[in-house]
$ cat target06.cif   # mmCIF, C-alpha atoms
data_structure
loop_
_atom_site.label_atom_id
_atom_site.label_comp_id
_atom_site.auth_asym_id
_atom_site.auth_seq_id
_atom_site.Cartn_x
_atom_site.Cartn_y
_atom_site.Cartn_z
CA MET G 242 27.52 -2.49 -131.10
CA LYS G 243 28.02 -6.18 -130.25
CA VAL G 244 25.56 -7.38 -127.60
CA LEU G 245 26.16 -10.70 -125.85
CA HIS G 246 22.81 -12.17 -124.76
CA VAL G 247 23.09 -14.52 -121.78
CA LEU G 248 20.20 -17.01 -121.88
CA ASP G 249 18.97 -19.98 -119.89
CA HIS G 250 17.97 -21.79 -123.13
CA SER G 251 17.15 -20.93 -126.71
CA VAL G 252 15.95 -22.33 -129.99
CA PRO G 253 15.72 -25.11 -131.06
CA VAL G 254 14.02 -25.62 -127.68
CA MET G 255 10.56 -24.08 -128.01
CA SER G 256 9.02 -22.12 -125.13
CA GLY G 257 7.72 -18.64 -124.48
CA TYR G 258 11.19 -17.78 -123.17
CA SER G 259 13.00 -18.96 -126.31
CA THR G 260 10.38 -17.37 -128.59
CA ARG G 261 10.92 -13.94 -127.03
CA SER G 262 14.69 -14.42 -127.15
CA ARG G 263 14.68 -15.45 -130.81
CA ASN G 264 12.65 -12.38 -131.76
CA ILE G 265 14.81 -10.01 -129.71
CA VAL G 266 18.08 -11.10 -131.31
CA GLY G 267 16.55 -11.42 -134.78
CA PHE G 268 15.04 -7.96 -134.83
CA GLN G 269 18.08 -6.41 -133.13
CA ARG G 270 20.10 -7.70 -136.07
CA GLU G 271 17.65 -6.02 -138.46
CA LEU G 272 18.09 -2.76 -136.54
CA GLY G 273 21.85 -2.84 -137.12
CA LEU G 274 23.04 -4.27 -133.81
CA ARG G 275 25.29 -7.35 -133.70
CA PRO G 276 23.72 -9.80 -131.23
CA VAL G 277 25.48 -12.97 -130.10
CA VAL G 278 24.02 -15.61 -127.76
CA VAL G 279 25.52 -17.80 -125.04
CA THR G 280 23.26 -20.35 -123.31
CA SER G 281 23.65 -21.82 -119.85
CA PRO G 282 24.62 -25.39 -118.91
CA LYS G 283 20.89 -26.01 -118.44
CA HIS G 284 20.12 -25.64 -122.16
CA PRO G 285 18.58 -29.10 -122.79
CA ALA G 286 19.18 -29.61 -126.52
CA PRO G 287 22.39 -31.40 -127.59
CA GLY G 288 24.44 -29.72 -130.26
CA PRO G 289 27.79 -28.18 -131.17
CA ALA G 290 29.63 -25.74 -128.92
CA ARG G 291 29.09 -23.03 -131.54
CA GLU G 292 26.41 -22.85 -134.21
CA GLU G 293 24.67 -20.40 -136.52
CA ARG G 294 20.87 -20.01 -136.49
CA ASP G 295 19.13 -17.45 -138.71
CA GLY G 296 22.33 -15.44 -138.99
CA ILE G 297 22.94 -15.36 -135.21
CA THR G 298 25.89 -17.10 -133.53
CA TYR G 299 24.93 -19.30 -130.57
CA TYR G 300 27.50 -20.54 -128.07
CA ARG G 301 26.65 -23.45 -125.78
CA THR G 302 28.05 -24.16 -122.32
CA SER G 303 29.11 -27.70 -121.49
CA ARG G 304 26.98 -29.57 -118.96
CA HIS G 305 29.96 -31.70 -117.91
CA ARG G 306 30.14 -32.24 -114.14
CA VAL G 307 27.38 -29.71 -113.48
CA ALA G 308 24.44 -31.11 -111.53
CA GLU G 309 20.92 -29.84 -112.12
CA ALA G 310 20.22 -26.88 -109.89
CA GLY G 311 16.44 -26.62 -110.06
CA GLY G 312 14.21 -24.52 -112.25
CA ALA G 313 13.42 -21.39 -110.29
CA GLY G 314 16.60 -20.60 -108.43
CA PRO G 315 18.97 -22.04 -105.88
CA GLY G 316 17.52 -24.08 -103.06
CA THR G 317 19.20 -25.12 -99.85
CA SER G 318 19.97 -28.68 -101.00
CA GLY G 319 21.10 -27.53 -104.45
CA TYR G 320 23.15 -24.54 -103.36
CA ALA G 321 26.54 -26.13 -104.05
CA SER G 322 25.48 -27.33 -107.49
CA SER G 323 24.06 -23.87 -108.23
CA LEU G 324 27.42 -22.31 -107.43
CA MET G 325 29.17 -24.85 -109.67
CA LEU G 326 26.75 -24.08 -112.48
CA MET G 327 27.20 -20.34 -112.15
CA GLY G 328 30.99 -20.66 -111.95
CA ARG G 329 31.14 -22.70 -115.13
CA PHE G 330 28.75 -20.35 -116.87
CA ALA G 331 30.73 -17.28 -115.81
CA SER G 332 33.87 -18.76 -117.36
CA ARG G 333 32.03 -19.42 -120.61
CA ILE G 334 30.49 -15.92 -120.69
CA ALA G 335 33.92 -14.34 -120.18
CA GLU G 336 35.47 -16.51 -122.90
CA VAL G 337 32.76 -15.65 -125.43
CA ALA G 338 32.75 -11.95 -124.50
CA ARG G 339 36.51 -11.68 -125.10
CA ASN G 340 36.50 -13.70 -128.32
CA GLU G 341 33.55 -11.81 -129.78
CA GLY G 342 34.60 -8.37 -128.60
CA ALA G 343 31.28 -7.79 -126.81
CA THR G 344 30.56 -4.21 -125.84
CA ILE G 345 27.58 -4.95 -123.57
CA LEU G 346 26.26 -7.96 -121.65
CA HIS G 347 22.49 -8.47 -121.73
CA ALA G 348 21.56 -11.20 -119.23
CA HIS G 349 18.04 -12.61 -119.17
CA SER G 350 16.53 -14.14 -116.04
CA PRO G 351 16.77 -16.26 -113.93
CA VAL G 352 19.37 -15.32 -111.33
CA LEU G 353 21.53 -18.27 -112.39
CA ASN G 354 22.26 -16.21 -115.52
CA GLY G 355 22.20 -12.77 -113.95
CA LEU G 356 24.83 -13.33 -111.27
CA PRO G 357 27.49 -14.82 -113.61
CA ALA G 358 26.90 -12.00 -116.10
CA LEU G 359 27.28 -9.42 -113.33
CA TRP G 360 30.55 -11.00 -112.19
CA VAL G 361 31.94 -11.05 -115.72
CA GLY G 362 30.77 -7.53 -116.49
CA ARG G 363 32.57 -6.14 -113.46
CA ARG G 364 35.73 -8.13 -114.27
CA LEU G 365 35.85 -7.07 -117.93
CA GLY G 366 34.55 -3.54 -117.44
CA LEU G 367 31.42 -4.14 -119.52
CA PRO G 368 27.98 -2.66 -118.77
CA VAL G 369 25.35 -5.21 -117.75
CA VAL G 370 21.66 -5.08 -118.62
CA TYR G 371 19.54 -7.53 -116.64
CA GLU G 372 16.15 -8.49 -118.06
CA ALA G 373 13.54 -10.14 -115.85
CA ARG G 374 10.91 -12.14 -117.74
CA ALA G 375 9.16 -13.21 -114.53
CA PHE G 376 9.82 -13.45 -110.81
CA TRP G 377 11.03 -17.02 -110.68
CA GLU G 378 10.32 -17.55 -107.00
CA ASP G 379 6.61 -17.03 -107.79
CA ALA G 380 6.76 -19.45 -110.71
CA ALA G 381 8.28 -22.04 -108.39
CA VAL G 382 5.33 -21.66 -106.03
CA ASP G 383 2.91 -22.49 -108.85
CA HIS G 384 5.07 -25.43 -109.95
CA GLY G 385 4.99 -26.80 -106.42
CA THR G 386 8.76 -26.76 -105.94
CA THR G 387 8.62 -24.26 -103.08
CA ARG G 388 6.12 -22.23 -101.09
CA GLU G 389 5.75 -18.50 -100.65
CA GLY G 390 7.91 -17.28 -97.78
CA SER G 391 10.11 -20.40 -97.66
CA LEU G 392 13.89 -20.12 -97.34
CA ARG G 393 14.34 -20.95 -101.01
CA TYR G 394 11.70 -18.37 -101.99
CA ARG G 395 13.32 -15.64 -99.90
CA LEU G 396 16.84 -16.51 -101.10
CA THR G 397 15.87 -16.40 -104.77
CA ARG G 398 14.06 -13.09 -104.27
CA ALA G 399 17.01 -11.60 -102.37
CA LEU G 400 19.53 -12.65 -105.02
CA GLU G 401 17.45 -11.19 -107.83
CA THR G 402 16.96 -7.95 -105.90
CA PHE G 403 20.75 -7.84 -105.50
CA ILE G 404 21.10 -7.98 -109.30
CA PHE G 405 18.38 -5.38 -109.85
CA ARG G 406 20.25 -2.96 -107.62
CA ARG G 407 23.67 -3.53 -109.20
CA ALA G 408 22.99 -3.99 -112.91
CA ASP G 409 23.58 -0.88 -114.99
CA ARG G 410 20.06 -1.12 -116.45
CA VAL G 411 17.07 -3.34 -115.67
CA VAL G 412 14.47 -4.42 -118.23
CA VAL G 413 11.09 -5.94 -117.38
CA ILE G 414 8.22 -7.05 -119.61
CA ALA G 415 5.33 -5.35 -117.79
CA GLU G 416 4.51 -2.16 -115.91
CA ALA G 417 3.41 -4.18 -112.89
CA MET G 418 6.88 -5.73 -112.68
CA ARG G 419 8.44 -2.29 -112.87
CA ARG G 420 6.34 -1.10 -109.92
CA GLU G 421 7.34 -4.19 -107.93
CA ILE G 422 11.05 -3.58 -108.52
CA ILE G 423 10.74 0.08 -107.54
CA ARG G 424 9.21 -1.11 -104.24
CA ARG G 425 12.44 -3.07 -103.71
CA GLY G 426 14.42 0.14 -103.69
CA VAL G 427 15.67 0.22 -107.30
CA ASP G 428 16.04 3.63 -108.95
CA PRO G 429 13.09 4.03 -111.37
CA ARG G 430 15.37 5.81 -113.86
CA ARG G 431 17.32 2.57 -114.38
CA ILE G 432 14.23 0.44 -115.13
CA SER G 433 12.73 0.14 -118.60
CA VAL G 434 9.68 -1.80 -119.79
CA VAL G 435 10.15 -3.73 -123.02
CA GLY G 436 6.93 -5.69 -123.31
CA ASN G 437 6.20 -8.83 -125.24
CA GLY G 438 5.59 -8.46 -128.94
CA VAL G 439 4.48 -10.45 -131.96
CA ASP G 440 5.72 -10.99 -135.49
CA VAL G 441 2.79 -9.45 -137.35
CA ASP G 442 4.08 -10.74 -140.68
CA ARG G 443 4.15 -14.35 -139.52
CA PHE G 444 0.97 -14.16 -137.45
CA ARG G 445 -1.72 -12.65 -139.67
CA PRO G 446 -5.34 -13.53 -140.47
CA VAL G 447 -5.60 -16.68 -142.62
CA PRO G 448 -8.56 -18.71 -143.92
CA ARG G 449 -9.81 -21.55 -141.77
CA ASN G 450 -7.85 -24.74 -142.45
CA GLU G 451 -10.77 -26.95 -143.40
CA PRO G 452 -8.77 -30.21 -143.86
CA LEU G 453 -7.34 -29.83 -140.35
CA ALA G 454 -10.81 -29.05 -138.95
CA ALA G 455 -12.14 -32.20 -140.60
CA ARG G 456 -9.26 -34.29 -139.24
CA LEU G 457 -9.95 -33.00 -135.72
CA GLY G 458 -13.72 -33.43 -136.13
CA ILE G 459 -14.69 -29.81 -135.45
CA ASN G 460 -16.28 -28.79 -138.75
CA GLY G 461 -19.10 -26.30 -138.25
CA ASP G 462 -18.62 -25.98 -134.50
CA LEU G 463 -17.91 -22.77 -132.57
CA VAL G 464 -14.42 -23.29 -131.15
CA PHE G 465 -13.07 -21.78 -127.95
CA GLY G 466 -9.34 -22.44 -127.89
CA PHE G 467 -6.04 -22.14 -126.09
CA ILE G 468 -2.52 -22.62 -127.46
CA GLY G 469 0.47 -22.69 -125.13
CA SER G 470 2.08 -24.46 -122.20
CA PHE G 471 -0.25 -26.31 -119.82
CA TYR G 472 0.94 -24.78 -116.54
CA HIS G 473 -1.32 -24.81 -113.46
CA TYR G 474 -1.49 -21.01 -113.42
CA GLU G 475 -3.03 -20.95 -116.92
CA GLY G 476 -6.34 -22.06 -115.36
CA LEU G 477 -7.13 -24.70 -117.97
CA GLN G 478 -8.77 -27.03 -115.47
CA PHE G 479 -11.12 -24.21 -114.51
CA LEU G 480 -11.94 -23.70 -118.19
CA VAL G 481 -12.62 -27.41 -118.66
CA ASP G 482 -14.84 -27.51 -115.57
CA THR G 483 -16.81 -24.52 -116.92
CA LEU G 484 -17.36 -26.02 -120.37
CA PRO G 485 -20.65 -27.85 -119.59
CA ARG G 486 -22.18 -24.58 -118.34
CA LEU G 487 -20.87 -22.79 -121.40
CA ARG G 488 -22.40 -25.39 -123.73
CA ASP G 489 -25.77 -24.77 -122.10
CA HIS G 490 -25.55 -21.21 -123.51
CA VAL G 491 -23.56 -21.84 -126.72
CA ARG G 492 -24.95 -24.96 -128.32
CA GLY G 493 -22.28 -27.24 -129.80
CA ALA G 494 -19.34 -25.23 -128.47
CA ARG G 495 -16.04 -27.09 -128.56
CA LEU G 496 -12.81 -26.58 -126.67
CA LEU G 497 -9.49 -26.91 -128.55
CA LEU G 498 -6.43 -27.11 -126.29
CA VAL G 499 -3.09 -27.20 -128.13
CA GLY G 500 0.14 -27.77 -126.23
CA SER G 501 1.49 -29.81 -123.34
CA GLY G 502 2.74 -29.47 -119.80
CA GLU G 503 2.07 -30.38 -116.20
CA GLU G 504 -1.72 -30.26 -116.62
CA THR G 505 -1.71 -32.72 -119.55
CA PRO G 506 -2.65 -35.89 -117.57
CA ALA G 507 -5.70 -34.21 -115.98
CA LEU G 508 -6.75 -32.69 -119.30
CA ARG G 509 -6.55 -36.10 -120.99
CA VAL G 510 -8.94 -37.49 -118.40
CA ALA G 511 -11.33 -34.59 -118.95
CA THR G 512 -11.09 -35.01 -122.72
CA ALA G 513 -11.96 -38.70 -122.52
CA ALA G 514 -15.02 -37.91 -120.41
CA SER G 515 -16.20 -34.96 -122.54
CA GLY G 516 -17.94 -36.92 -125.28
CA GLY G 517 -15.91 -35.14 -127.93
CA ALA G 518 -16.48 -31.63 -126.60
CA ILE G 519 -12.76 -31.22 -125.87
CA VAL G 520 -10.10 -31.71 -128.54
CA LEU G 521 -6.56 -32.26 -127.28
CA PRO G 522 -4.12 -32.70 -130.19
CA GLY G 523 -1.00 -32.35 -128.02
CA GLN G 524 2.07 -30.32 -128.89
CA VAL G 525 2.26 -29.48 -132.59
CA PRO G 526 5.17 -28.36 -134.82
CA HIS G 527 5.87 -24.65 -134.53
CA GLU G 528 5.35 -24.09 -138.25
CA GLU G 529 1.78 -25.47 -137.94
CA ILE G 530 0.64 -23.18 -135.13
CA GLY G 531 -1.05 -20.78 -137.54
CA ASP G 532 -3.23 -23.61 -138.88
CA TYR G 533 -4.52 -24.32 -135.37
CA TYR G 534 -5.14 -20.62 -134.66
CA SER G 535 -7.23 -20.54 -137.84
CA LEU G 536 -9.71 -22.98 -136.27
CA ILE G 537 -10.28 -20.91 -133.13
CA ASP G 538 -13.27 -18.55 -132.98
CA VAL G 539 -12.49 -17.23 -129.48
CA PHE G 540 -9.05 -17.50 -127.88
CA VAL G 541 -9.39 -18.01 -124.10
CA CYS G 542 -6.79 -17.14 -121.43
CA PRO G 543 -8.33 -18.22 -118.10
CA ARG G 544 -5.28 -17.51 -115.92
CA LYS G 545 -5.63 -17.90 -112.15
CA ARG G 546 -5.19 -14.88 -109.91
CA MET G 547 -1.82 -15.07 -108.14
CA ARG G 548 1.34 -12.96 -107.85
CA LEU G 549 2.84 -14.47 -110.99
CA THR G 550 -0.14 -13.75 -113.23
CA GLU G 551 -0.76 -10.31 -111.77
CA LEU G 552 2.76 -9.23 -112.67
CA VAL G 553 3.68 -11.04 -115.90
CA THR G 554 2.28 -10.64 -119.42
CA PRO G 555 2.09 -13.71 -121.71
CA LEU G 556 2.98 -14.01 -125.41
CA LYS G 557 0.21 -16.21 -126.80
CA PRO G 558 -2.68 -13.71 -126.58
CA LEU G 559 -0.65 -11.36 -128.76
CA GLU G 560 -0.28 -14.06 -131.41
CA ALA G 561 -4.04 -14.64 -131.35
CA MET G 562 -4.70 -10.89 -131.57
CA ALA G 563 -2.33 -10.60 -134.54
CA MET G 564 -4.37 -13.30 -136.28
CA ALA G 565 -7.51 -11.18 -135.65
CA LYS G 566 -8.92 -13.58 -133.09
CA PRO G 567 -11.04 -12.13 -130.25
CA VAL G 568 -9.41 -12.87 -126.91
CA LEU G 569 -11.43 -13.68 -123.79
CA ALA G 570 -9.16 -13.40 -120.76
CA SER G 571 -9.33 -13.31 -116.99
CA ASP G 572 -8.83 -9.87 -115.51
CA VAL G 573 -5.49 -10.60 -113.82
CA GLY G 574 -2.98 -7.78 -114.10
CA GLY G 575 -0.76 -9.42 -116.71
CA LEU G 576 -3.70 -9.79 -119.11
CA SER G 577 -5.57 -6.56 -118.42
CA GLU G 578 -2.31 -4.78 -119.31
CA LEU G 579 -2.59 -6.32 -122.81
CA ILE G 580 -6.34 -6.14 -123.43
CA GLN G 581 -8.78 -3.24 -123.24
CA HIS G 582 -12.17 -4.71 -122.33
CA GLY G 583 -14.76 -4.25 -125.04
CA SER G 584 -12.25 -2.73 -127.45
CA THR G 585 -9.39 -5.15 -128.19
CA GLY G 586 -10.86 -8.15 -126.35
CA MET G 587 -13.06 -9.15 -123.44
CA LEU G 588 -12.21 -9.70 -119.77
CA PHE G 589 -13.97 -11.79 -117.13
CA ARG G 590 -13.45 -12.00 -113.38
CA ALA G 591 -10.67 -14.49 -112.70
CA GLY G 592 -11.97 -17.78 -111.29
CA ASP G 593 -15.62 -16.71 -111.63
CA THR G 594 -17.62 -19.29 -113.59
CA GLU G 595 -20.65 -17.03 -114.08
CA SER G 596 -18.52 -14.19 -115.41
CA LEU G 597 -16.69 -16.47 -117.84
CA VAL G 598 -19.91 -18.03 -119.12
CA GLU G 599 -21.57 -14.61 -119.51
CA GLN G 600 -18.74 -13.15 -121.59
CA ALA G 601 -18.20 -16.34 -123.60
CA ALA G 602 -21.90 -16.57 -124.44
CA HIS G 603 -21.90 -12.92 -125.47
CA LEU G 604 -19.04 -13.57 -127.87
CA GLY G 605 -20.49 -16.85 -129.03
CA SER G 606 -23.80 -15.27 -129.98
CA SER G 607 -22.41 -12.58 -132.28
CA ARG G 608 -20.22 -13.21 -135.30
CA GLU G 609 -20.10 -9.44 -135.86
CA LEU G 610 -18.75 -8.80 -132.35
CA ARG G 611 -16.08 -11.46 -132.78
CA ALA G 612 -15.02 -9.97 -136.11
CA SER G 613 -14.89 -6.37 -134.85
CA LEU G 614 -12.89 -7.29 -131.74
CA GLY G 615 -10.51 -9.36 -133.83
CA GLN G 616 -9.93 -6.55 -136.31
CA ALA G 617 -9.36 -4.04 -133.50
CA ALA G 618 -6.94 -6.45 -131.82
CA ARG G 619 -4.96 -6.87 -135.03
CA ALA G 620 -4.75 -3.10 -135.53
CA HIS G 621 -3.62 -2.64 -131.93
CA VAL G 622 -0.74 -5.12 -132.10
CA GLU G 623 0.37 -3.75 -135.47
CA ARG G 624 0.49 -0.28 -133.94
CA GLU G 625 1.87 -1.05 -130.47
CA ARG G 626 3.17 -4.61 -130.19
CA SER G 627 5.04 -5.51 -133.37
CA TRP G 628 8.51 -6.87 -132.60
CA PRO G 629 10.37 -4.15 -134.57
CA ARG G 630 8.61 -1.47 -132.52
CA VAL G 631 9.18 -3.33 -129.24
CA VAL G 632 12.82 -4.22 -129.89
CA SER G 633 13.71 -0.67 -130.98
CA ARG G 634 13.47 0.30 -127.30
CA TYR G 635 16.77 -1.47 -126.66
CA LEU G 636 18.59 1.12 -128.79
CA GLU G 637 17.97 3.78 -126.15
CA ILE G 638 18.70 1.40 -123.28
CA TYR G 639 22.05 0.30 -124.71
CA GLY G 640 22.92 3.80 -125.88
CA SER G 641 22.53 5.22 -122.41
CA GLU G 642 25.16 2.78 -121.15
CA ARG G 643 27.72 3.89 -123.74
CA ARG G 644 27.46 7.59 -123.00
#

$ encode --input "target06.cif" --output "structure tokens"
Amino acid sequence: MKVLHVLDHSVPVMSGYSTRSRNIVGFQRELGLRPVVVTSPKHPAPGPAREERDGITYYRTSRHRVAEAGGAGPGTSGYASSLMLMGRFASRIAEVARNEGATILHAHSPVLNGLPALWVGRRLGLPVVYEARAFWEDAAVDHGTTREGSLRYRLTRALETFIFRRADRVVVIAEAMRREIIRRGVDPRRISVVGNGVDVDRFRPVPRNEPLAARLGINGDLVFGFIGSFYHYEGLQFLVDTLPRLRDHVRGARLLLVGSGEETPALRVATAASGGAIVLPGQVPHEEIGDYYSLIDVFVCPRKRMRLTELVTPLKPLEAMAMAKPVLASDVGGLSELIQHGSTGMLFRAGDTESLVEQAAHLGSSRELRASLGQAARAHVERERSWPRVVSRYLEIYGSERR
């Protein structure tokens, strides 16, 4: 079966979106499927129109004469450019589908991918699977590019609901997203949950990288850490603001924040004023991520409580769990779906300083507790969240469309 994956962007661009995509197509290939990728005109990395990466063929769509259409969906001022983008992308999807002999179209959010794939699928008589990684109107609210209930918000939501109702199958990454889509009138029998996973062979417990610890100046310190994109909804400013209270209970505790994003300027200011308590190395090469995980004693996910975080599950906690790191996370829906409090990690009340400090101090005071939670977390992801196990769910989803 040849599956054409329709993506916003992909490797070599690194993001949670491209990481999930790379693992899906890679492990589908191992399962005997024949995945092919086409990326939208918004893919930001220059390169050839067709290239091979890790045995997968990637087709790119020209950006020529296509204006930027915004990150979370069409807005009123960008509506014409959005239509141009989708028209160009639809032509490219159809071209690749014919040339490759695709038997199924698997479009991944946002709507700027889903609508062109739906058009092409109907024209060529191909089944369409639409996969929602997030509700992009809610992400736009956090990014400050729209507000909840605005015209742009309602339009993006309406267009995605249109796709949910007309795609042959719908895939989401969390149970909470599935419940939300059912409330929009979509038949539950057409919705499948294929959660985030982790490569348990790549992410596995490793010894602490002492040379890196020495270079960063954190030898001998208890390290609370975060690795990922610095979006507002991640709650990193809240974590930074809580650090002085935490250090009152965990003497010498340090905070290691690895990554970059919209919160970077504020975090740099906090780092400069922290007297060395915060270490901010910036974005690091993907192949070095494991070295930075090795320095973290407790991985912290302090996500804010909002629609986006209640519905969507992140990738990074699973990587930390695979490396046998105890995870301390806020109790928003997207995290409590991944972590069982007291068994595979610890949860605190989102936005509650006292709750965060209490749980962090509890973890900080017991090496044995950290080790047992980390080992249980590793066992859990090996059993339930390895990419081969997660990706195997697509076999049933695709098979049902061929019967």

$ resolve_selection --input "target06.cif" --expression "the PyMOL selection byres ((chain G and resi 375) around 8)" --output "list in words"
Ser350, Ala373, Arg374, Phe376, Trp377, Ala380, Leu549, Leu552 and Val553 of chain G

$ residues_around --input "target06.cif" --residues "Pro276 of chain G" --least-positions-apart "6" --cutoff "7 Å" --atoms "only C-alpha atoms" --output "ChimeraX atom specification"
/G:243-246,266,269-270,297

$ write_last_selection --input "target06.cif" --atoms "C-alpha atoms" --output "PDB file, keeping the file's coordinate frame"
ATOM      1  CA  LYS G 243      28.020  -6.180-130.250  1.00  0.00           C
ATOM      2  CA  VAL G 244      25.560  -7.380-127.600  1.00  0.00           C
ATOM      3  CA  LEU G 245      26.160 -10.700-125.850  1.00  0.00           C
ATOM      4  CA  HIS G 246      22.810 -12.170-124.760  1.00  0.00           C
ATOM      5  CA  VAL G 266      18.080 -11.100-131.310  1.00  0.00           C
ATOM      6  CA  GLN G 269      18.080  -6.410-133.130  1.00  0.00           C
ATOM      7  CA  ARG G 270      20.100  -7.700-136.070  1.00  0.00           C
ATOM      8  CA  ILE G 297      22.940 -15.360-135.210  1.00  0.00           C
TER       9      ILE G 297
END

$ resolve_selection --input "target06.cif" --expression "the PyMOL selection byres ((chain G and resi 453) around 12)" --output "PyMOL selection string"
chain G and resi 448-452+454-460+522+529-537

$ resolve_selection --input "target06.cif" --expression "the PyMOL selection byres ((chain G and resi 472) around 9)" --output "ChimeraX atom specification"
/G:383-384,469-471,473-477,501-505

$ residues_around --input "target06.cif" --residues "Arg339 of chain G" --least-positions-apart "6" --cutoff "12 Å" --atoms "all atoms listed in the file" --output "ChimeraX atom specification"
/G:243,245,332-333,345-346,361-362,364-367

$ atom_distance --input "target06.cif" --atom1 "atom CA of Thr554 of chain G" --atom2 "atom CA of Trp628 of chain G"
15.1 Å

$ closest_residue --input "target06.cif" --among "G:Arg406, G:Leu487, G:Thr344, G:Thr550" --to "Glu578 of chain G" --atoms "all atoms listed in the file"
G:Thr550

$ closest_residue --input "target06.cif" --among "G:Leu396, G:Ala602, G:Leu521, G:Leu356" --to "Ala494 of chain G" --atoms "only C-alpha atoms"
G:Ala602

$ decode --input "target06.cif" --residues "segment 526-537 of chain G" --atoms "N, CA and C atoms" --output "PDB file, in the first residue's frame"
ATOM      1  N   PRO G 526      22.051  20.845  18.668  1.00  0.00           N
ATOM      2  CA  PRO G 526      21.875  19.864  17.592  1.00  0.00           C
ATOM      3  C   PRO G 526      21.065  18.664  18.052  1.00  0.00           C
ATOM      4  N   HIS G 527      20.232  18.165  17.157  1.00  0.00           N
ATOM      5  CA  HIS G 527      19.314  17.079  17.518  1.00  0.00           C
ATOM      6  C   HIS G 527      20.069  15.856  18.032  1.00  0.00           C
ATOM      7  N   GLU G 528      21.229  15.585  17.453  1.00  0.00           N
ATOM      8  CA  GLU G 528      21.981  14.392  17.855  1.00  0.00           C
ATOM      9  C   GLU G 528      22.588  14.532  19.250  1.00  0.00           C
ATOM     10  N   GLU G 529      22.570  15.750  19.825  1.00  0.00           N
ATOM     11  CA  GLU G 529      23.123  15.963  21.165  1.00  0.00           C
ATOM     12  C   GLU G 529      22.061  16.003  22.255  1.00  0.00           C
ATOM     13  N   ILE G 530      20.794  15.861  21.880  1.00  0.00           N
ATOM     14  CA  ILE G 530      19.709  15.990  22.853  1.00  0.00           C
ATOM     15  C   ILE G 530      19.872  14.994  24.002  1.00  0.00           C
ATOM     16  N   GLY G 531      20.267  13.777  23.693  1.00  0.00           N
ATOM     17  CA  GLY G 531      20.431  12.768  24.733  1.00  0.00           C
ATOM     18  C   GLY G 531      21.453  13.170  25.786  1.00  0.00           C
ATOM     19  N   ASP G 532      22.500  13.886  25.377  1.00  0.00           N
ATOM     20  CA  ASP G 532      23.515  14.347  26.328  1.00  0.00           C
ATOM     21  C   ASP G 532      22.912  15.334  27.325  1.00  0.00           C
ATOM     22  N   TYR G 533      22.014  16.181  26.851  1.00  0.00           N
ATOM     23  CA  TYR G 533      21.386  17.163  27.740  1.00  0.00           C
ATOM     24  C   TYR G 533      20.356  16.496  28.651  1.00  0.00           C
ATOM     25  N   TYR G 534      19.603  15.517  28.118  1.00  0.00           N
ATOM     26  CA  TYR G 534      18.710  14.753  28.985  1.00  0.00           C
ATOM     27  C   TYR G 534      19.486  14.085  30.113  1.00  0.00           C
ATOM     28  N   SER G 535      20.709  13.640  29.824  1.00  0.00           N
ATOM     29  CA  SER G 535      21.485  12.911  30.837  1.00  0.00           C
ATOM     30  C   SER G 535      21.802  13.772  32.049  1.00  0.00           C
ATOM     31  N   LEU G 536      21.768  15.094  31.890  1.00  0.00           N
ATOM     32  CA  LEU G 536      22.091  16.000  32.991  1.00  0.00           C
ATOM     33  C   LEU G 536      20.897  16.314  33.876  1.00  0.00           C
ATOM     34  N   ILE G 537      19.699  15.962  33.416  1.00  0.00           N
ATOM     35  CA  ILE G 537      18.468  16.349  34.110  1.00  0.00           C
ATOM     36  C   ILE G 537      18.097  15.292  35.151  1.00  0.00           C
TER      37      ILE G 537
END
